[in-house]
Amino acid sequence: MPAAVVEYKGWKEGYRCGYCASERGKVSAGMWAHSMTVQDYQDLIDRGWRRSGKYVYKPIMNQTCCPQYTIRCQALHFQTSKSHKKVLKKMLKFISQGDVVKVASEEEPMDSHIEDAVACDFAYKSESRVSQSELTPLNVDHTERVENEDKDTGEIKEEVNAQQVESGSLQICADKGAPAPGEPSQSAKIVHAPPKPGKGADLSKPPCRKAKDIRKERKLQKLQNQMCTLEGSQHQAGDQVLLLQNSKSKSNQPKTMEDFIFASLPDDARHKLEVRLVPVSFEDPQFKSSFNQSATLFAKYQMAIHKDTPSDCGENEFTRFLCDSPLEAENAPNGPECGYGSFHQQYWLDGKIIAVGVIDILPYCVSSVYLYYDPDYSFLSLGVYSALREIAFTRQLHEKAPDLCFYYMGFYIHSCPKMRYKGQYRPSDLLCPETYVWTPIEQCLPLLEHSKYCRFNQDMKAVDEGRIKELGRVKVLHKRTMMPYSVYKKRRKGPSDEASVQQYASLVGQSCSERMLLFRS
């Protein structure tokens with residue numbers, strides 16, 4: 001399998017944030033991924049990274065103005081809410097009957113904000129100028145000879161003290177009062193704070209129950225009490241209880257998400273909706289034939305929803321942002337039939353595309369990249385509908401690929417109220433920014449109400465298990481030759497680049513740093 005090749009670009013500080021409108025509040029690290037395996041990207045997003053085209057970035061959580069927490073939904077246990085069912089019913093009614101009240105939805109589409117790597121020009125100003133030939137490693141035999149260079153000279157492997165890595169090898173100049181990565185945050189001791197007025201439902205509390213269910217439960221309890229107290233009427237009351245229980249189990253059995261999505265349509269249905277999964281590749285006939293229509297829809301969406309100018313959302317921008325992917329397509333015996341990689345999930349209504357969900361299918365998850373849709377169909381709540389379809393799709397893939405059971409929704413931004421909608425897809429977890437362990441969102445929300453940056457892992461002794469331990473083992477691609485950093489360091493001429501390599505390795509973790517090739521000129 002070809003190794004991933006990345007070009008680390010370092011930190012970008014003080015650029016505009018699209019969430020809070022701060023002109024100089026955003027801080028992130030980034031790298032160009034010339035190629036990447038699906039396992040490498042899976043491991044990276046499990047450390048807080050995310051891609052936009054071939055640019056892969058990670059917010060510096062304790063410094064950026066609006067911390068962005070990776071969020072995943074446990075797709076196999078997902079339960080539709082009342083509002084989710086309304087959206088599914090609305091779509092079903094529209095397809096079947098064609099009559100639906102055309103009121104624009106207030107629901108946010110998945111990842112409608114792209115300021116991190118698109119609206120800000122940092123990513124493209126830093127675009128790679130490296131030629132493809134420089135990125136192609138030489139034969140394996142040559143590489144093995146270089147990797148054995150250490151042994152031939154008797155050099156002892158260099159190790160990086162783990163405590164140094166945790167205590168500041170990133171050279172982060174933290175704000176006053178902001179804990180550095182690996183240090184306990186003050187927010188860990190905070191008790192639950194009620195939600196502020198006007199900021200939506202309290203997600204830390206269970207959802208409200210239907211009044212109909214409560215009435216039935218009371219009636220059932222009353223009949224059971226009658227059985228115990230009223231002698232002579234036990235059989236009659238028992239029959240009523242049995243009837244009520246049967247009624248509840250049959251007529252009141254809640255419909256699943258799939259019941260709505262895959263419901264049988266009448267022969268005279270007014271519309272036809274078809275969802276097509278298309279690999280992101282210009283070699284694929286379906287992708288190629290639908291490219292122009294898809295690009296036109298993207299431009300229409302960006303100009304209507306995000307107020308872009310035509311030059312901001314042309315075919316080049318569309319290709320660079322949503323068609324260029326570093327992920328290498330991969331098929332595995334125990335993987336999904338469609339394989340792993342990047343895809344466009346196209347929603348065709350009566351022969352034309354009305355929405356496209358851009359997704360990555362990875363070893364453990366379906367990762368939502370972006371959604372764009374025809375603003376003329378906003379009344380169908382396509383942001384919510386596509387998210388539900390993607391969760392259902394994750395469940396389908398799980399049947400063939402047992403390890404694939406999560407739906408990643410990108411970033412959850414609690415400090416931006418209009419971006420909290422992702423927390424409505426339950427059950428879901430947030431990624432701890434210090435130890436990279438998953439924590440149920442219900443446990444995170446009280447902490448986030450008190451502080452926008454939080455360590456979710458309450459075990460104060462816990463550390464990042466994937467942290468860099470041996471800098472010398474970082475894989476490097478230099479002059480088309482793969483070698484460990486310990487060898488490259490001896491060969492390098494000019495000033496030391498150890499601080500930059502240390503920063504990169506600390507952010508991607510030991511495993512990825514030993515698999516991916518860090519390009520050095």
# chains A, B, ... in the order shown; residues from 1 in each chain; ligands from 1
$ residues_around --residues "region 411-415 of chain A" --least-positions-apart "5" --cutoff "9 Å" --atoms "only C-alpha atoms" --output "ChimeraX atom specification"
/A:19-20,48,50,65-72,111,420-423,430,445,448-449,451-452
$ closest_atom_pairs --of "region 57-92 of chain A" --to "region 503-508 of chain A" --cutoff "12 Å" --atoms "only C-alpha atoms" --output "JSON lines"
{"residue": "A:Tyr57", "atom": "CA", "partner": "A:Leu507", "partner_atom": "CA", "distance": 10.3}
{"residue": "A:Lys58", "atom": "CA", "partner": "A:Leu507", "partner_atom": "CA", "distance": 8.3}
{"residue": "A:Pro59", "atom": "CA", "partner": "A:Leu507", "partner_atom": "CA", "distance": 10.4}
{"residue": "A:Ile60", "atom": "CA", "partner": "A:Leu507", "partner_atom": "CA", "distance": 9.6}
{"residue": "A:Met61", "atom": "CA", "partner": "A:Leu507", "partner_atom": "CA", "distance": 11.7}
$ select_by_dssp --residues "region 402-445 of chain A" --states "strand (DSSP E)" --output "list of chain:residue names"
A:Phe406, A:Tyr407, A:Tyr408, A:Met409, A:Gly410, A:Phe411, A:Tyr412, A:Ser428, A:Asp429, A:Leu430, A:Leu431, A:Trp438, A:Thr439, A:Pro440
$ residues_around --residues "Val463 (chain A)" --least-positions-apart "2" --cutoff "8 Å" --atoms "only C-alpha atoms" --output "compact mmCIF listing (two decimals) with N, CA and C atoms, in the first residue's frame"
# COMPACT_ATOMS: atom_id res chain seq x y z
N GLY A 182 -2.25 18.80 27.68
CA GLY A 182 -1.68 17.86 28.63
C GLY A 182 -1.82 18.32 30.07
N GLU A 434 -7.19 17.01 25.04
CA GLU A 434 -5.91 16.79 25.69
C GLU A 434 -5.49 15.32 25.70
N THR A 435 -6.47 14.42 25.89
CA THR A 435 -6.13 12.99 25.96
C THR A 435 -6.68 12.21 24.77
N LYS A 461 -4.90 12.17 35.85
CA LYS A 461 -3.62 11.50 35.63
C LYS A 461 -3.49 10.98 34.20
N GLU A 465 -2.22 8.92 25.13
CA GLU A 465 -1.54 7.63 24.95
C GLU A 465 -0.83 7.55 23.60
$ closest_residue --among "A:Arg491, A:Lys90, A:Lys400, A:Lys12" --to "Gly339 (chain A)" --atoms "only C-alpha atoms"
A:Lys400
$ closest_residue --among "A:Cys323, A:Val476, A:Ala269, A:Met409" --to "Lys288 (chain A)" --atoms "only C-alpha atoms"
A:Cys323
$ atom_distance --atom1 "CA of Ser35 (chain A)" --atom2 "CA of Cys432 (chain A)"
27.3 Å
$ residues_around --residues "His77 (chain A)" --least-positions-apart "2" --cutoff "10 Å" --atoms "only C-alpha atoms" --output "list in words"
Cys73, Gln74, Ala75, Gln79, Thr80, Arg395, Cys405, Phe406, Arg426, Pro427 and Ser428 of chain A
$ write_last_selection --atoms "all heavy atoms" --output "compact mmCIF listing (two decimals), in the first residue's frame"
# COMPACT_ATOMS: atom_id res chain seq x y z
N CYS A 73 -21.47 10.63 16.13
CA CYS A 73 -22.76 10.06 16.54
C CYS A 73 -22.62 8.54 16.53
O CYS A 73 -22.04 7.96 15.61
CB CYS A 73 -23.86 10.50 15.57
SG CYS A 73 -25.45 9.68 15.82
N GLN A 74 -23.14 7.91 17.55
CA GLN A 74 -23.15 6.44 17.62
C GLN A 74 -24.31 5.95 16.75
O GLN A 74 -25.43 5.78 17.22
CB GLN A 74 -23.30 5.98 19.06
CG GLN A 74 -22.15 6.42 19.97
CD GLN A 74 -22.37 6.01 21.41
OE1 GLN A 74 -23.01 5.01 21.70
NE2 GLN A 74 -21.83 6.80 22.33
N ALA A 75 -24.02 5.75 15.48
CA ALA A 75 -25.06 5.49 14.48
C ALA A 75 -25.92 4.28 14.80
O ALA A 75 -27.14 4.28 14.56
CB ALA A 75 -24.42 5.32 13.11
N GLN A 79 -31.32 7.45 17.81
CA GLN A 79 -32.77 7.51 17.92
C GLN A 79 -33.24 8.84 17.34
O GLN A 79 -32.73 9.90 17.72
CB GLN A 79 -33.20 7.41 19.39
CG GLN A 79 -32.88 6.08 20.05
CD GLN A 79 -33.71 4.94 19.49
OE1 GLN A 79 -34.87 5.14 19.12
NE2 GLN A 79 -33.13 3.75 19.42
N THR A 80 -34.21 8.77 16.44
CA THR A 80 -34.72 10.00 15.84
C THR A 80 -35.52 10.80 16.87
O THR A 80 -36.28 10.24 17.66
CB THR A 80 -35.63 9.70 14.64
OG1 THR A 80 -36.57 8.68 15.01
CG2 THR A 80 -34.82 9.22 13.46
N ARG A 395 -25.31 2.75 9.00
CA ARG A 395 -25.85 1.47 9.49
C ARG A 395 -25.80 0.40 8.42
O ARG A 395 -25.51 -0.77 8.71
CB ARG A 395 -27.29 1.69 9.95
CG ARG A 395 -27.43 2.52 11.21
CD ARG A 395 -28.91 2.71 11.53
NE ARG A 395 -29.12 3.34 12.81
CZ ARG A 395 -30.30 3.63 13.32
NH1 ARG A 395 -31.39 3.35 12.63
NH2 ARG A 395 -30.41 4.18 14.50
N CYS A 405 -19.05 1.87 12.46
CA CYS A 405 -20.30 2.06 13.21
C CYS A 405 -20.53 3.48 13.73
O CYS A 405 -21.44 3.71 14.52
CB CYS A 405 -20.37 1.07 14.37
SG CYS A 405 -18.91 1.02 15.42
N PHE A 406 -19.70 4.44 13.29
CA PHE A 406 -19.87 5.82 13.76
C PHE A 406 -20.10 6.77 12.59
O PHE A 406 -19.69 6.50 11.46
CB PHE A 406 -18.64 6.28 14.54
CG PHE A 406 -18.40 5.52 15.82
CD1 PHE A 406 -17.41 4.56 15.88
CD2 PHE A 406 -19.18 5.75 16.94
CE1 PHE A 406 -17.19 3.84 17.04
CE2 PHE A 406 -18.96 5.05 18.12
CZ PHE A 406 -17.97 4.09 18.17
N ARG A 426 -28.36 12.18 18.77
CA ARG A 426 -27.97 11.41 19.94
C ARG A 426 -28.04 9.90 19.70
O ARG A 426 -28.87 9.47 18.91
CB ARG A 426 -28.90 11.77 21.11
CG ARG A 426 -28.86 13.23 21.56
CD ARG A 426 -27.52 13.57 22.19
NE ARG A 426 -27.56 14.90 22.77
CZ ARG A 426 -27.88 15.16 24.04
NH1 ARG A 426 -28.18 14.17 24.84
NH2 ARG A 426 -27.88 16.39 24.49
N PRO A 427 -27.24 9.10 20.44
CA PRO A 427 -26.18 9.52 21.36
C PRO A 427 -24.93 9.94 20.58
O PRO A 427 -24.62 9.39 19.53
CB PRO A 427 -25.92 8.25 22.18
CG PRO A 427 -26.29 7.13 21.28
CD PRO A 427 -27.43 7.63 20.42
N SER A 428 -24.23 10.93 21.13
CA SER A 428 -23.02 11.41 20.47
C SER A 428 -21.93 11.68 21.51
O SER A 428 -22.20 11.81 22.71
CB SER A 428 -23.31 12.67 19.66
OG SER A 428 -23.87 13.68 20.47
$ closest_residue --among "A:Met419, A:Leu220, A:Cys444, A:Ala332" --to "Ala401 (chain A)" --atoms "only C-alpha atoms"
A:Ala332
$ residues_around --residues "Ala33 (chain A)" --least-positions-apart "3" --cutoff "8 Å" --atoms "only C-alpha atoms" --output "ChimeraX atom specification"
/A:4-7,36,54-56,326
$ write_last_selection --atoms "C-alpha atoms" --output "PDB file, in the first residue's frame"
ATOM      1  CA  ALA A   4       0.881   8.900   2.850  1.00  0.00           C
ATOM      2  CA  VAL A   5       2.989  11.916   1.876  1.00  0.00           C
ATOM      3  CA  VAL A   6       2.387  15.165   3.771  1.00  0.00           C
ATOM      4  CA  GLU A   7       3.943  18.606   3.747  1.00  0.00           C
ATOM      5  CA  MET A  36      -3.125   9.578   2.417  1.00  0.00           C
ATOM      6  CA  LYS A  54      -6.195  18.158   0.296  1.00  0.00           C
ATOM      7  CA  TYR A  55      -5.503  20.608   3.096  1.00  0.00           C
ATOM      8  CA  VAL A  56      -5.677  18.944   6.521  1.00  0.00           C
ATOM      9  CA  PRO A 326      -5.830  12.969  -0.668  1.00  0.00           C
TER      10      PRO A 326
END
$ select_by_dssp --residues "region 273-323 of chain A" --states "alpha helix (DSSP H)" --output "list in words"
Pro285, Gln286, Phe287, Lys288, Ser289, Ser290, Phe291, Asn292, Gln293, Ser294, Ala295, Thr296, Leu297, Phe298, Ala299, Lys300, Tyr301, Gln302, Met303, Ala304, Ile305, Glu315, Asn316, Glu317 and Phe318 of chain A
$ residues_around --residues "Asp99 (chain A)" --least-positions-apart "5" --cutoff "12 Å" --atoms "only C-alpha atoms" --output "PDB file with N, CA, C and O atoms, in the first residue's frame"
ATOM      1  N   LYS A  90     -42.076  15.014   6.206  1.00  0.00           N
ATOM      2  CA  LYS A  90     -42.264  16.076   5.214  1.00  0.00           C
ATOM      3  C   LYS A  90     -41.731  15.647   3.853  1.00  0.00           C
ATOM      4  O   LYS A  90     -42.379  15.857   2.829  1.00  0.00           O
ATOM      5  N   MET A  91     -40.547  15.026   3.864  1.00  0.00           N
ATOM      6  CA  MET A  91     -39.974  14.551   2.606  1.00  0.00           C
ATOM      7  C   MET A  91     -40.846  13.451   1.996  1.00  0.00           C
ATOM      8  O   MET A  91     -41.102  13.449   0.779  1.00  0.00           O
ATOM      9  N   LEU A  92     -41.320  12.534   2.817  1.00  0.00           N
ATOM     10  CA  LEU A  92     -42.158  11.439   2.335  1.00  0.00           C
ATOM     11  C   LEU A  92     -43.462  11.963   1.736  1.00  0.00           C
ATOM     12  O   LEU A  92     -43.910  11.516   0.669  1.00  0.00           O
ATOM     13  N   LYS A  93     -44.026  12.957   2.391  1.00  0.00           N
ATOM     14  CA  LYS A  93     -45.273  13.552   1.896  1.00  0.00           C
ATOM     15  C   LYS A  93     -45.038  14.297   0.579  1.00  0.00           C
ATOM     16  O   LYS A  93     -45.852  14.224  -0.344  1.00  0.00           O
ATOM     17  N   PHE A  94     -43.898  14.998   0.515  1.00  0.00           N
ATOM     18  CA  PHE A  94     -43.586  15.737  -0.704  1.00  0.00           C
ATOM     19  C   PHE A  94     -43.416  14.795  -1.893  1.00  0.00           C
ATOM     20  O   PHE A  94     -43.923  15.040  -2.978  1.00  0.00           O
ATOM     21  N   ALA A 269     -47.033   8.291  -7.212  1.00  0.00           N
ATOM     22  CA  ALA A 269     -46.229   9.276  -6.470  1.00  0.00           C
ATOM     23  C   ALA A 269     -45.870  10.446  -7.375  1.00  0.00           C
ATOM     24  O   ALA A 269     -45.518  10.263  -8.542  1.00  0.00           O
ATOM     25  N   ARG A 270     -45.955  11.659  -6.820  1.00  0.00           N
ATOM     26  CA  ARG A 270     -45.744  12.866  -7.617  1.00  0.00           C
ATOM     27  C   ARG A 270     -44.277  13.067  -8.010  1.00  0.00           C
ATOM     28  O   ARG A 270     -43.983  13.674  -9.031  1.00  0.00           O
ATOM     29  N   HIS A 271     -43.363  12.596  -7.158  1.00  0.00           N
ATOM     30  CA  HIS A 271     -41.936  12.819  -7.424  1.00  0.00           C
ATOM     31  C   HIS A 271     -41.160  11.524  -7.256  1.00  0.00           C
ATOM     32  O   HIS A 271     -41.615  10.581  -6.621  1.00  0.00           O
ATOM     33  N   PHE A 379     -37.148  24.349   1.790  1.00  0.00           N
ATOM     34  CA  PHE A 379     -38.323  23.969   2.592  1.00  0.00           C
ATOM     35  C   PHE A 379     -38.311  22.480   2.968  1.00  0.00           C
ATOM     36  O   PHE A 379     -39.048  22.065   3.863  1.00  0.00           O
ATOM     37  N   LEU A 380     -37.471  21.681   2.318  1.00  0.00           N
ATOM     38  CA  LEU A 380     -37.397  20.253   2.631  1.00  0.00           C
ATOM     39  C   LEU A 380     -36.377  19.946   3.733  1.00  0.00           C
ATOM     40  O   LEU A 380     -36.158  18.782   4.061  1.00  0.00           O
TER      41      LEU A 380
END
$ residues_around --residues "Val358 (chain A)" --least-positions-apart "5" --cutoff "7 Å" --atoms "only C-alpha atoms" --output "list in words"
Phe343, His344, Gln345, Ser368, Val369, Tyr370 and Leu371 of chain A
$ write_last_selection --atoms "C-alpha atoms" --output "PDB file, in the first residue's frame"
ATOM      1  CA  PHE A 343     -17.566  10.013  -2.320  1.00  0.00           C
ATOM      2  CA  HIS A 344     -20.353  12.347  -3.396  1.00  0.00           C
ATOM      3  CA  GLN A 345     -23.799  11.224  -2.286  1.00  0.00           C
ATOM      4  CA  SER A 368     -19.344  14.187   6.703  1.00  0.00           C
ATOM      5  CA  VAL A 369     -17.205  16.672   4.769  1.00  0.00           C
ATOM      6  CA  TYR A 370     -19.744  19.147   3.376  1.00  0.00           C
ATOM      7  CA  LEU A 371     -23.273  19.537   2.056  1.00  0.00           C
TER       8      LEU A 371
END
